[in-house]
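The structure appears below as structure tokens.
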Amino acid sequence: MSAELASDAPSAQRAGLTAGAKTGALRSRLGALAGVLPGVLGRAALYVALPVALMAAWQAAFALGYIRPILLPPPTRVGKAFVDLAASGDLFRHLGVSLLRVLEGFAIAALVGLPLGIGIGLSRTLDRLTDLIIQLTKPIPPIAWIPLAILWFGIGEAGKVYIIFLGAIFPILVNTIDGIRQTDHRHVELARVLEVTRRRFILQVVLPGALPNIMTGLRVGLMVAWICVVAAELIAASSGLGYLIMDARQMSQTDQVLVGMITIGAMGKLLDVVLRAAERRLITWKTTFSGS
């Protein structure tokens, strides 16, 4: 009996030490979290401080009678319109239609702009051949193409996607060309000395170096695609956020106009966050200065 008690004693001691170690580790983690949490909350508060302050000033100006509700309804009325449109399902229906159009136009712009930009960046002949037409068409706003889009594609979905495509392609194309052209000259000379094949040179030197510019072009192109969706939905649309905004304007429903605008901004921000996350995963070597 005494022998069994003696053999159980070390086991009990080991269990006590294990439990103590786990408790200590938990306490250290909680302590670290307690140290980090105030900073995280502080940054989050700073992030939303300006929008909250602007909405408070907006609501106060309405309460004091400085703003006519027909011109600029208060945030409370805009929030009620948002809830009503969401509850009826109209907001999500319009959002889904616009999101599909934006993604279609943006995808086509990326599929055309990326290979073309890489080709122009690598080839002086192709650059010389395409530069004039690009420089002539780039300044034309997408909304100016609406009459031709109606003539060429009719009033269906193709015309709307075409307008979004025109808005998104030039930021992607120009940033891709600039990224290729900014390849470090030392890397180019080193590749020549080592007699690296052109395929390896493009895949392992040029494209990785151009990737930051390419991601910037994609982000700007996506933003412009959301800007163009309102113009695109001027083409005989019966759904979409652009249609919601224009229909509400005709009915003098300013609160619904603002709901549509805020929804476009929120979706643009959400998709930009997705592209930023993809950029951080793809460009792990990139170091940036985020201010002081």
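If you're wondering about the labels, chains in the structure tokens are A, B, ... by order shown, residues count from 1 in each chain, ligands from 1 in order shown.
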Do a neighbour search on A:Leu85 at 12 Å with only C-alpha atoms, toss out local chain neighbours closer than 3 positions, and write the hits as number ranges by chain.
A: 78-82, 88-95, 241, 244, 248, 255-257, 259-260, 263
Give me every helix (DSSP H, G or I) residue in stretch 29-206 of chain A, going by DSSP on the backbone, as a short mmCIF file (atom, residue, chain, number, x, y, z; two decimals) with N, CA and C atoms, in the first residue's frame.
```cif
data_model
loop_
_atom_site.label_atom_id
_atom_site.label_comp_id
_atom_site.auth_asym_id
_atom_site.auth_seq_id
_atom_site.Cartn_x
_atom_site.Cartn_y
_atom_site.Cartn_z
N ARG A 29 -0.66 34.80 -21.98
CA ARG A 29 -1.40 35.14 -23.19
C ARG A 29 -2.44 36.22 -22.91
N LEU A 30 -3.14 36.07 -21.78
CA LEU A 30 -4.13 37.09 -21.42
C LEU A 30 -3.46 38.43 -21.17
N GLY A 31 -2.26 38.37 -20.55
CA GLY A 31 -1.53 39.61 -20.32
C GLY A 31 -1.11 40.27 -21.62
N ALA A 32 -0.64 39.45 -22.57
CA ALA A 32 -0.25 40.00 -23.88
C ALA A 32 -1.45 40.59 -24.61
N LEU A 33 -2.60 39.87 -24.51
CA LEU A 33 -3.82 40.38 -25.16
C LEU A 33 -4.26 41.68 -24.52
N ALA A 34 -4.16 41.75 -23.19
CA ALA A 34 -4.54 42.99 -22.49
C ALA A 34 -3.63 44.15 -22.89
N GLY A 35 -2.37 43.83 -23.21
CA GLY A 35 -1.46 44.88 -23.64
C GLY A 35 -1.72 45.35 -25.05
N VAL A 36 -2.16 44.43 -25.91
CA VAL A 36 -2.40 44.77 -27.33
C VAL A 36 -3.77 45.38 -27.54
N LEU A 37 -4.77 44.94 -26.79
CA LEU A 37 -6.16 45.34 -27.02
C LEU A 37 -6.38 46.84 -27.00
N PRO A 38 -5.82 47.59 -26.03
CA PRO A 38 -6.04 49.05 -26.07
C PRO A 38 -5.55 49.70 -27.36
N GLY A 39 -4.38 49.22 -27.86
CA GLY A 39 -3.89 49.79 -29.11
C GLY A 39 -4.79 49.49 -30.29
N VAL A 40 -5.32 48.24 -30.34
CA VAL A 40 -6.22 47.87 -31.42
C VAL A 40 -7.50 48.69 -31.36
N LEU A 41 -8.06 48.81 -30.16
CA LEU A 41 -9.28 49.60 -30.00
C LEU A 41 -9.04 51.07 -30.33
N GLY A 42 -7.86 51.55 -29.95
CA GLY A 42 -7.53 52.95 -30.25
C GLY A 42 -7.45 53.20 -31.75
N ARG A 43 -6.81 52.27 -32.48
CA ARG A 43 -6.72 52.42 -33.94
C ARG A 43 -8.09 52.32 -34.58
N ALA A 44 -8.94 51.41 -34.09
CA ALA A 44 -10.30 51.28 -34.63
C ALA A 44 -11.10 52.55 -34.38
N ALA A 45 -10.96 53.11 -33.18
CA ALA A 45 -11.68 54.35 -32.87
C ALA A 45 -11.21 55.49 -33.75
N LEU A 46 -9.90 55.56 -34.00
CA LEU A 46 -9.37 56.61 -34.87
C LEU A 46 -9.87 56.43 -36.30
N TYR A 47 -10.02 55.18 -36.73
CA TYR A 47 -10.44 54.87 -38.09
C TYR A 47 -11.86 55.38 -38.37
N VAL A 48 -12.75 55.26 -37.37
CA VAL A 48 -14.15 55.65 -37.58
C VAL A 48 -14.46 57.02 -37.00
N ALA A 49 -13.47 57.69 -36.39
CA ALA A 49 -13.75 58.95 -35.69
C ALA A 49 -14.28 60.02 -36.64
N LEU A 50 -13.61 60.19 -37.80
CA LEU A 50 -14.03 61.25 -38.72
C LEU A 50 -15.41 61.00 -39.31
N PRO A 51 -15.74 59.78 -39.82
CA PRO A 51 -17.11 59.56 -40.31
C PRO A 51 -18.17 59.78 -39.23
N VAL A 52 -17.90 59.33 -38.01
CA VAL A 52 -18.87 59.52 -36.93
C VAL A 52 -19.04 61.00 -36.62
N ALA A 53 -17.94 61.76 -36.60
CA ALA A 53 -18.02 63.19 -36.34
C ALA A 53 -18.80 63.91 -37.44
N LEU A 54 -18.57 63.52 -38.69
CA LEU A 54 -19.29 64.15 -39.80
C LEU A 54 -20.78 63.85 -39.73
N MET A 55 -21.13 62.60 -39.39
CA MET A 55 -22.56 62.27 -39.26
C MET A 55 -23.21 63.00 -38.10
N ALA A 56 -22.47 63.16 -37.00
CA ALA A 56 -23.01 63.90 -35.86
C ALA A 56 -23.24 65.37 -36.23
N ALA A 57 -22.28 65.97 -36.94
CA ALA A 57 -22.45 67.36 -37.38
C ALA A 57 -23.60 67.48 -38.37
N TRP A 58 -23.73 66.50 -39.24
CA TRP A 58 -24.83 66.47 -40.23
C TRP A 58 -26.17 66.40 -39.52
N GLN A 59 -26.30 65.51 -38.54
CA GLN A 59 -27.55 65.38 -37.78
C GLN A 59 -27.84 66.65 -37.00
N ALA A 60 -26.80 67.25 -36.41
CA ALA A 60 -27.00 68.48 -35.63
C ALA A 60 -27.43 69.64 -36.53
N ALA A 61 -26.84 69.73 -37.73
CA ALA A 61 -27.23 70.80 -38.65
C ALA A 61 -28.69 70.65 -39.07
N PHE A 62 -29.15 69.40 -39.23
CA PHE A 62 -30.56 69.19 -39.56
C PHE A 62 -31.45 69.57 -38.38
N ALA A 63 -31.06 69.17 -37.17
CA ALA A 63 -31.86 69.47 -35.99
C ALA A 63 -31.98 70.96 -35.74
N PRO A 75 -29.02 61.67 -41.20
CA PRO A 75 -28.59 60.27 -41.16
C PRO A 75 -29.66 59.32 -40.65
N THR A 76 -30.49 59.78 -39.71
CA THR A 76 -31.54 58.89 -39.19
C THR A 76 -32.53 58.50 -40.28
N ARG A 77 -32.87 59.45 -41.15
CA ARG A 77 -33.80 59.15 -42.23
C ARG A 77 -33.14 58.27 -43.30
N VAL A 78 -31.87 58.51 -43.56
CA VAL A 78 -31.15 57.66 -44.50
C VAL A 78 -31.06 56.23 -43.96
N GLY A 79 -30.79 56.11 -42.65
CA GLY A 79 -30.75 54.78 -42.04
C GLY A 79 -32.08 54.06 -42.13
N LYS A 80 -33.18 54.80 -41.94
CA LYS A 80 -34.51 54.19 -42.05
C LYS A 80 -34.77 53.73 -43.49
N ALA A 81 -34.36 54.55 -44.47
CA ALA A 81 -34.53 54.15 -45.87
C ALA A 81 -33.70 52.91 -46.18
N PHE A 82 -32.50 52.83 -45.62
CA PHE A 82 -31.66 51.65 -45.82
C PHE A 82 -32.34 50.41 -45.26
N VAL A 83 -32.89 50.51 -44.05
CA VAL A 83 -33.56 49.36 -43.43
C VAL A 83 -34.77 48.96 -44.26
N ASP A 84 -35.55 49.94 -44.73
CA ASP A 84 -36.75 49.63 -45.52
C ASP A 84 -36.39 48.93 -46.83
N LEU A 85 -35.36 49.44 -47.52
CA LEU A 85 -34.97 48.83 -48.78
C LEU A 85 -34.38 47.44 -48.56
N ALA A 86 -33.64 47.27 -47.48
CA ALA A 86 -33.07 45.95 -47.18
C ALA A 86 -34.17 44.97 -46.80
N ALA A 87 -35.14 45.43 -46.02
CA ALA A 87 -36.21 44.53 -45.58
C ALA A 87 -37.08 44.09 -46.75
N SER A 88 -37.29 44.98 -47.71
CA SER A 88 -38.09 44.62 -48.88
C SER A 88 -37.33 43.75 -49.88
N ASP A 90 -35.27 44.90 -52.07
CA ASP A 90 -34.92 45.68 -53.27
C ASP A 90 -33.44 46.05 -53.28
N LEU A 91 -32.90 46.42 -52.13
CA LEU A 91 -31.51 46.83 -52.08
C LEU A 91 -30.57 45.70 -52.50
N PHE A 92 -30.82 44.51 -51.99
CA PHE A 92 -29.95 43.38 -52.32
C PHE A 92 -30.12 42.94 -53.78
N ARG A 93 -31.33 43.11 -54.31
CA ARG A 93 -31.55 42.77 -55.72
C ARG A 93 -30.76 43.72 -56.61
N HIS A 94 -30.86 45.03 -56.34
CA HIS A 94 -30.11 46.00 -57.13
C HIS A 94 -28.61 45.82 -56.94
N LEU A 95 -28.19 45.55 -55.71
CA LEU A 95 -26.77 45.34 -55.43
C LEU A 95 -26.23 44.13 -56.19
N GLY A 96 -26.97 43.04 -56.20
CA GLY A 96 -26.52 41.84 -56.90
C GLY A 96 -26.35 42.08 -58.39
N VAL A 97 -27.29 42.82 -58.99
CA VAL A 97 -27.21 43.10 -60.43
C VAL A 97 -25.99 43.96 -60.74
N SER A 98 -25.80 45.03 -59.95
CA SER A 98 -24.66 45.92 -60.19
C SER A 98 -23.34 45.21 -59.93
N LEU A 99 -23.28 44.41 -58.89
CA LEU A 99 -22.05 43.68 -58.58
C LEU A 99 -21.66 42.74 -59.72
N LEU A 100 -22.65 42.06 -60.29
CA LEU A 100 -22.37 41.16 -61.41
C LEU A 100 -21.85 41.94 -62.61
N ARG A 101 -22.45 43.08 -62.91
CA ARG A 101 -21.99 43.90 -64.03
C ARG A 101 -20.56 44.40 -63.80
N VAL A 102 -20.30 44.87 -62.60
CA VAL A 102 -18.96 45.38 -62.28
C VAL A 102 -17.92 44.27 -62.41
N LEU A 103 -18.20 43.10 -61.88
CA LEU A 103 -17.24 42.01 -61.93
C LEU A 103 -17.02 41.53 -63.36
N GLU A 104 -18.09 41.51 -64.17
CA GLU A 104 -17.93 41.11 -65.57
C GLU A 104 -17.05 42.10 -66.33
N GLY A 105 -17.36 43.39 -66.21
CA GLY A 105 -16.56 44.40 -66.90
C GLY A 105 -15.13 44.43 -66.41
N PHE A 106 -14.95 44.31 -65.10
CA PHE A 106 -13.60 44.32 -64.53
C PHE A 106 -12.81 43.09 -64.96
N ALA A 107 -13.44 41.93 -64.98
CA ALA A 107 -12.75 40.70 -65.38
C ALA A 107 -12.29 40.79 -66.83
N ILE A 108 -13.16 41.29 -67.72
CA ILE A 108 -12.77 41.42 -69.12
C ILE A 108 -11.63 42.43 -69.26
N ALA A 109 -11.71 43.54 -68.50
CA ALA A 109 -10.64 44.54 -68.55
C ALA A 109 -9.32 43.95 -68.08
N ALA A 110 -9.35 43.13 -67.04
CA ALA A 110 -8.12 42.50 -66.55
C ALA A 110 -7.57 41.50 -67.56
N LEU A 111 -8.47 40.71 -68.16
CA LEU A 111 -8.03 39.71 -69.14
C LEU A 111 -7.42 40.35 -70.38
N VAL A 112 -7.88 41.54 -70.74
CA VAL A 112 -7.33 42.25 -71.90
C VAL A 112 -6.14 43.12 -71.49
N GLY A 113 -6.30 43.86 -70.40
CA GLY A 113 -5.30 44.84 -70.01
C GLY A 113 -3.99 44.25 -69.53
N LEU A 114 -4.04 43.15 -68.79
CA LEU A 114 -2.80 42.59 -68.25
C LEU A 114 -1.89 42.03 -69.35
N PRO A 115 -2.39 41.13 -70.22
CA PRO A 115 -1.49 40.64 -71.29
C PRO A 115 -1.03 41.74 -72.24
N LEU A 116 -1.94 42.66 -72.57
CA LEU A 116 -1.56 43.74 -73.47
C LEU A 116 -0.52 44.65 -72.82
N GLY A 117 -0.70 44.96 -71.55
CA GLY A 117 0.28 45.80 -70.85
C GLY A 117 1.64 45.13 -70.75
N ILE A 118 1.64 43.82 -70.48
CA ILE A 118 2.91 43.09 -70.42
C ILE A 118 3.59 43.08 -71.78
N GLY A 119 2.80 42.86 -72.84
CA GLY A 119 3.36 42.86 -74.19
C GLY A 119 3.92 44.20 -74.58
N ILE A 120 3.19 45.28 -74.27
CA ILE A 120 3.68 46.62 -74.61
C ILE A 120 4.92 46.96 -73.81
N GLY A 121 4.94 46.55 -72.54
CA GLY A 121 6.10 46.83 -71.71
C GLY A 121 7.35 46.11 -72.17
N LEU A 122 7.19 44.94 -72.75
CA LEU A 122 8.34 44.14 -73.18
C LEU A 122 8.78 44.43 -74.60
N ARG A 124 9.22 47.10 -77.77
CA ARG A 124 9.22 48.47 -78.28
C ARG A 124 8.35 48.59 -79.52
N THR A 125 8.34 47.56 -80.34
CA THR A 125 7.53 47.60 -81.57
C THR A 125 6.05 47.69 -81.23
N LEU A 126 5.59 46.84 -80.32
CA LEU A 126 4.18 46.89 -79.92
C LEU A 126 3.85 48.20 -79.23
N ASP A 127 4.78 48.74 -78.46
CA ASP A 127 4.57 50.04 -77.81
C ASP A 127 4.38 51.13 -78.86
N ARG A 128 5.26 51.12 -79.87
CA ARG A 128 5.17 52.12 -80.94
C ARG A 128 3.87 51.97 -81.72
N LEU A 129 3.43 50.75 -81.90
CA LEU A 129 2.23 50.48 -82.69
C LEU A 129 0.97 50.92 -81.97
N THR A 130 0.92 50.78 -80.66
CA THR A 130 -0.33 51.02 -79.91
C THR A 130 -0.36 52.34 -79.15
N ASP A 131 0.77 53.03 -79.04
CA ASP A 131 0.82 54.21 -78.16
C ASP A 131 -0.17 55.29 -78.58
N LEU A 132 -0.24 55.58 -79.87
CA LEU A 132 -1.10 56.67 -80.32
C LEU A 132 -2.57 56.39 -80.03
N ILE A 133 -3.04 55.18 -80.33
CA ILE A 133 -4.45 54.86 -80.11
C ILE A 133 -4.78 54.85 -78.62
N ILE A 134 -3.83 54.40 -77.79
CA ILE A 134 -4.07 54.40 -76.34
C ILE A 134 -4.15 55.82 -75.81
N GLN A 135 -3.21 56.67 -76.24
CA GLN A 135 -3.19 58.05 -75.76
C GLN A 135 -4.41 58.85 -76.24
N LEU A 136 -4.96 58.49 -77.40
CA LEU A 136 -6.14 59.18 -77.90
C LEU A 136 -7.42 58.75 -77.19
N THR A 137 -7.53 57.47 -76.88
CA THR A 137 -8.77 56.96 -76.28
C THR A 137 -8.78 57.05 -74.76
N PRO A 142 -15.84 57.33 -70.02
CA PRO A 142 -16.71 56.22 -70.45
C PRO A 142 -18.13 56.66 -70.77
N ILE A 143 -18.63 57.67 -70.09
CA ILE A 143 -20.01 58.11 -70.34
C ILE A 143 -20.17 58.63 -71.77
N ALA A 144 -19.08 59.13 -72.38
CA ALA A 144 -19.16 59.64 -73.75
C ALA A 144 -19.36 58.51 -74.75
N TRP A 145 -19.08 57.27 -74.34
CA TRP A 145 -19.24 56.13 -75.23
C TRP A 145 -20.67 55.57 -75.21
N ILE A 146 -21.54 56.10 -74.37
CA ILE A 146 -22.89 55.53 -74.23
C ILE A 146 -23.66 55.53 -75.56
N PRO A 147 -23.69 56.64 -76.34
CA PRO A 147 -24.43 56.57 -77.62
C PRO A 147 -23.92 55.46 -78.54
N LEU A 148 -22.60 55.32 -78.65
CA LEU A 148 -22.05 54.26 -79.49
C LEU A 148 -22.32 52.89 -78.91
N ALA A 149 -22.28 52.78 -77.58
CA ALA A 149 -22.56 51.48 -76.95
C ALA A 149 -23.99 51.03 -77.26
N ILE A 150 -24.93 51.99 -77.28
CA ILE A 150 -26.32 51.64 -77.60
C ILE A 150 -26.43 51.20 -79.06
N LEU A 151 -25.71 51.91 -79.96
CA LEU A 151 -25.75 51.55 -81.38
C LEU A 151 -25.11 50.18 -81.62
N TRP A 152 -24.01 49.91 -80.96
CA TRP A 152 -23.27 48.69 -81.21
C TRP A 152 -23.87 47.47 -80.52
N PHE A 153 -24.31 47.65 -79.28
CA PHE A 153 -24.73 46.51 -78.46
C PHE A 153 -26.21 46.51 -78.11
N GLU A 157 -27.41 43.84 -71.71
CA GLU A 157 -26.33 43.83 -70.73
C GLU A 157 -24.98 44.12 -71.36
N ALA A 158 -24.79 43.75 -72.63
CA ALA A 158 -23.47 43.91 -73.25
C ALA A 158 -23.02 45.37 -73.26
N GLY A 159 -23.93 46.29 -73.54
CA GLY A 159 -23.57 47.70 -73.56
C GLY A 159 -23.14 48.21 -72.20
N LYS A 160 -23.82 47.76 -71.15
CA LYS A 160 -23.47 48.19 -69.79
C LYS A 160 -22.10 47.65 -69.39
N VAL A 161 -21.85 46.37 -69.68
CA VAL A 161 -20.56 45.78 -69.36
C VAL A 161 -19.44 46.46 -70.16
N TYR A 162 -19.74 46.85 -71.39
CA TYR A 162 -18.75 47.52 -72.23
C TYR A 162 -18.32 48.86 -71.62
N ILE A 163 -19.27 49.63 -71.09
CA ILE A 163 -18.94 50.91 -70.46
C ILE A 163 -18.05 50.69 -69.24
N ILE A 164 -18.37 49.70 -68.43
CA ILE A 164 -17.55 49.39 -67.25
C ILE A 164 -16.16 48.92 -67.68
N PHE A 165 -16.12 48.12 -68.73
CA PHE A 165 -14.83 47.65 -69.27
C PHE A 165 -13.95 48.83 -69.69
N LEU A 166 -14.53 49.81 -70.37
CA LEU A 166 -13.75 50.97 -70.82
C LEU A 166 -13.19 51.75 -69.64
N GLY A 167 -13.97 51.84 -68.57
CA GLY A 167 -13.49 52.57 -67.41
C GLY A 167 -12.37 51.85 -66.68
N ALA A 168 -12.43 50.52 -66.64
CA ALA A 168 -11.48 49.75 -65.84
C ALA A 168 -10.19 49.42 -66.57
N ILE A 169 -10.21 49.36 -67.89
CA ILE A 169 -9.05 48.82 -68.60
C ILE A 169 -7.83 49.75 -68.56
N PHE A 170 -8.02 51.06 -68.65
CA PHE A 170 -6.86 51.93 -68.77
C PHE A 170 -6.03 52.01 -67.49
N PRO A 171 -6.61 52.07 -66.28
CA PRO A 171 -5.74 52.00 -65.09
C PRO A 171 -4.94 50.70 -65.03
N ILE A 172 -5.57 49.58 -65.41
CA ILE A 172 -4.86 48.30 -65.40
C ILE A 172 -3.75 48.30 -66.44
N LEU A 173 -4.06 48.76 -67.65
CA LEU A 173 -3.09 48.76 -68.74
C LEU A 173 -1.90 49.66 -68.44
N VAL A 174 -2.16 50.89 -68.03
CA VAL A 174 -1.08 51.86 -67.81
C VAL A 174 -0.19 51.44 -66.64
N ASN A 175 -0.77 50.97 -65.55
CA ASN A 175 0.04 50.55 -64.41
C ASN A 175 0.86 49.31 -64.72
N THR A 176 0.30 48.41 -65.54
CA THR A 176 1.07 47.23 -65.93
C THR A 176 2.27 47.62 -66.78
N ILE A 177 2.07 48.51 -67.75
CA ILE A 177 3.19 48.99 -68.57
C ILE A 177 4.25 49.66 -67.71
N ASP A 178 3.81 50.54 -66.80
CA ASP A 178 4.77 51.23 -65.94
C ASP A 178 5.53 50.25 -65.05
N GLY A 179 4.84 49.23 -64.55
CA GLY A 179 5.52 48.24 -63.72
C GLY A 179 6.59 47.49 -64.48
N ILE A 180 6.30 47.12 -65.73
CA ILE A 180 7.29 46.43 -66.56
C ILE A 180 8.48 47.34 -66.83
N ARG A 181 8.19 48.61 -67.15
CA ARG A 181 9.27 49.54 -67.50
C ARG A 181 10.14 49.91 -66.30
N HIS A 185 17.39 48.11 -63.80
CA HIS A 185 18.33 47.90 -64.92
C HIS A 185 19.46 46.95 -64.53
N ARG A 186 19.83 46.93 -63.26
CA ARG A 186 20.89 46.02 -62.81
C ARG A 186 20.46 44.56 -62.96
N HIS A 187 19.16 44.31 -62.69
CA HIS A 187 18.67 42.94 -62.86
C HIS A 187 18.67 42.54 -64.33
N VAL A 188 18.37 43.49 -65.20
CA VAL A 188 18.37 43.20 -66.64
C VAL A 188 19.78 42.85 -67.10
N GLU A 189 20.77 43.66 -66.68
CA GLU A 189 22.15 43.40 -67.08
C GLU A 189 22.65 42.07 -66.51
N LEU A 190 22.28 41.78 -65.26
CA LEU A 190 22.70 40.52 -64.66
C LEU A 190 22.12 39.32 -65.40
N ALA A 191 20.85 39.44 -65.82
CA ALA A 191 20.22 38.36 -66.57
C ALA A 191 20.92 38.14 -67.91
N ARG A 192 21.37 39.22 -68.54
CA ARG A 192 22.09 39.09 -69.81
C ARG A 192 23.44 38.42 -69.60
N VAL A 193 24.13 38.81 -68.53
CA VAL A 193 25.44 38.22 -68.26
C VAL A 193 25.31 36.73 -67.99
N ARG A 198 14.73 34.09 -72.08
CA ARG A 198 13.74 35.18 -72.02
C ARG A 198 12.53 34.77 -71.19
N ARG A 199 12.13 33.52 -71.28
CA ARG A 199 10.96 33.06 -70.52
C ARG A 199 11.23 33.17 -69.01
N ARG A 200 12.40 32.70 -68.57
CA ARG A 200 12.75 32.79 -67.16
C ARG A 200 12.93 34.24 -66.73
N PHE A 201 13.49 35.06 -67.62
CA PHE A 201 13.68 36.47 -67.31
C PHE A 201 12.34 37.16 -67.05
N ILE A 202 11.35 36.86 -67.88
CA ILE A 202 10.03 37.48 -67.72
C ILE A 202 9.34 36.97 -66.45
N LEU A 203 9.37 35.64 -66.25
CA LEU A 203 8.62 35.04 -65.14
C LEU A 203 9.28 35.29 -63.78
N GLN A 204 10.61 35.34 -63.74
CA GLN A 204 11.30 35.41 -62.46
C GLN A 204 11.90 36.77 -62.13
N VAL A 205 11.98 37.66 -63.12
CA VAL A 205 12.55 38.98 -62.86
C VAL A 205 11.54 40.09 -63.14
N VAL A 206 10.99 40.10 -64.34
CA VAL A 206 10.14 41.23 -64.75
C VAL A 206 8.80 41.21 -64.01
#
```
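Nearest to A:Asp272 of all the residues A:Pro69, A:Pro141, A:Gly242, A:Gly217 is A:Gly217, based on only C-alpha atoms.
Distances from A:Ile155, A:Ile70, A:Leu194, A:Val220 to A:Leu271 were compared using only C-alpha atoms, and the smallest one belongs to A:Val220.
The space separating atom CA of A:Met251 from atom CA of A:Leu71 comes to 12.7 Å.
Take atom CA of A:Leu211 and atom CA of A:Ile283: the distance between them is 7.4 Å.
Pairwise distance (atom CA of A:Thr216, atom CA of A:Gln182) equals 14.1 Å.
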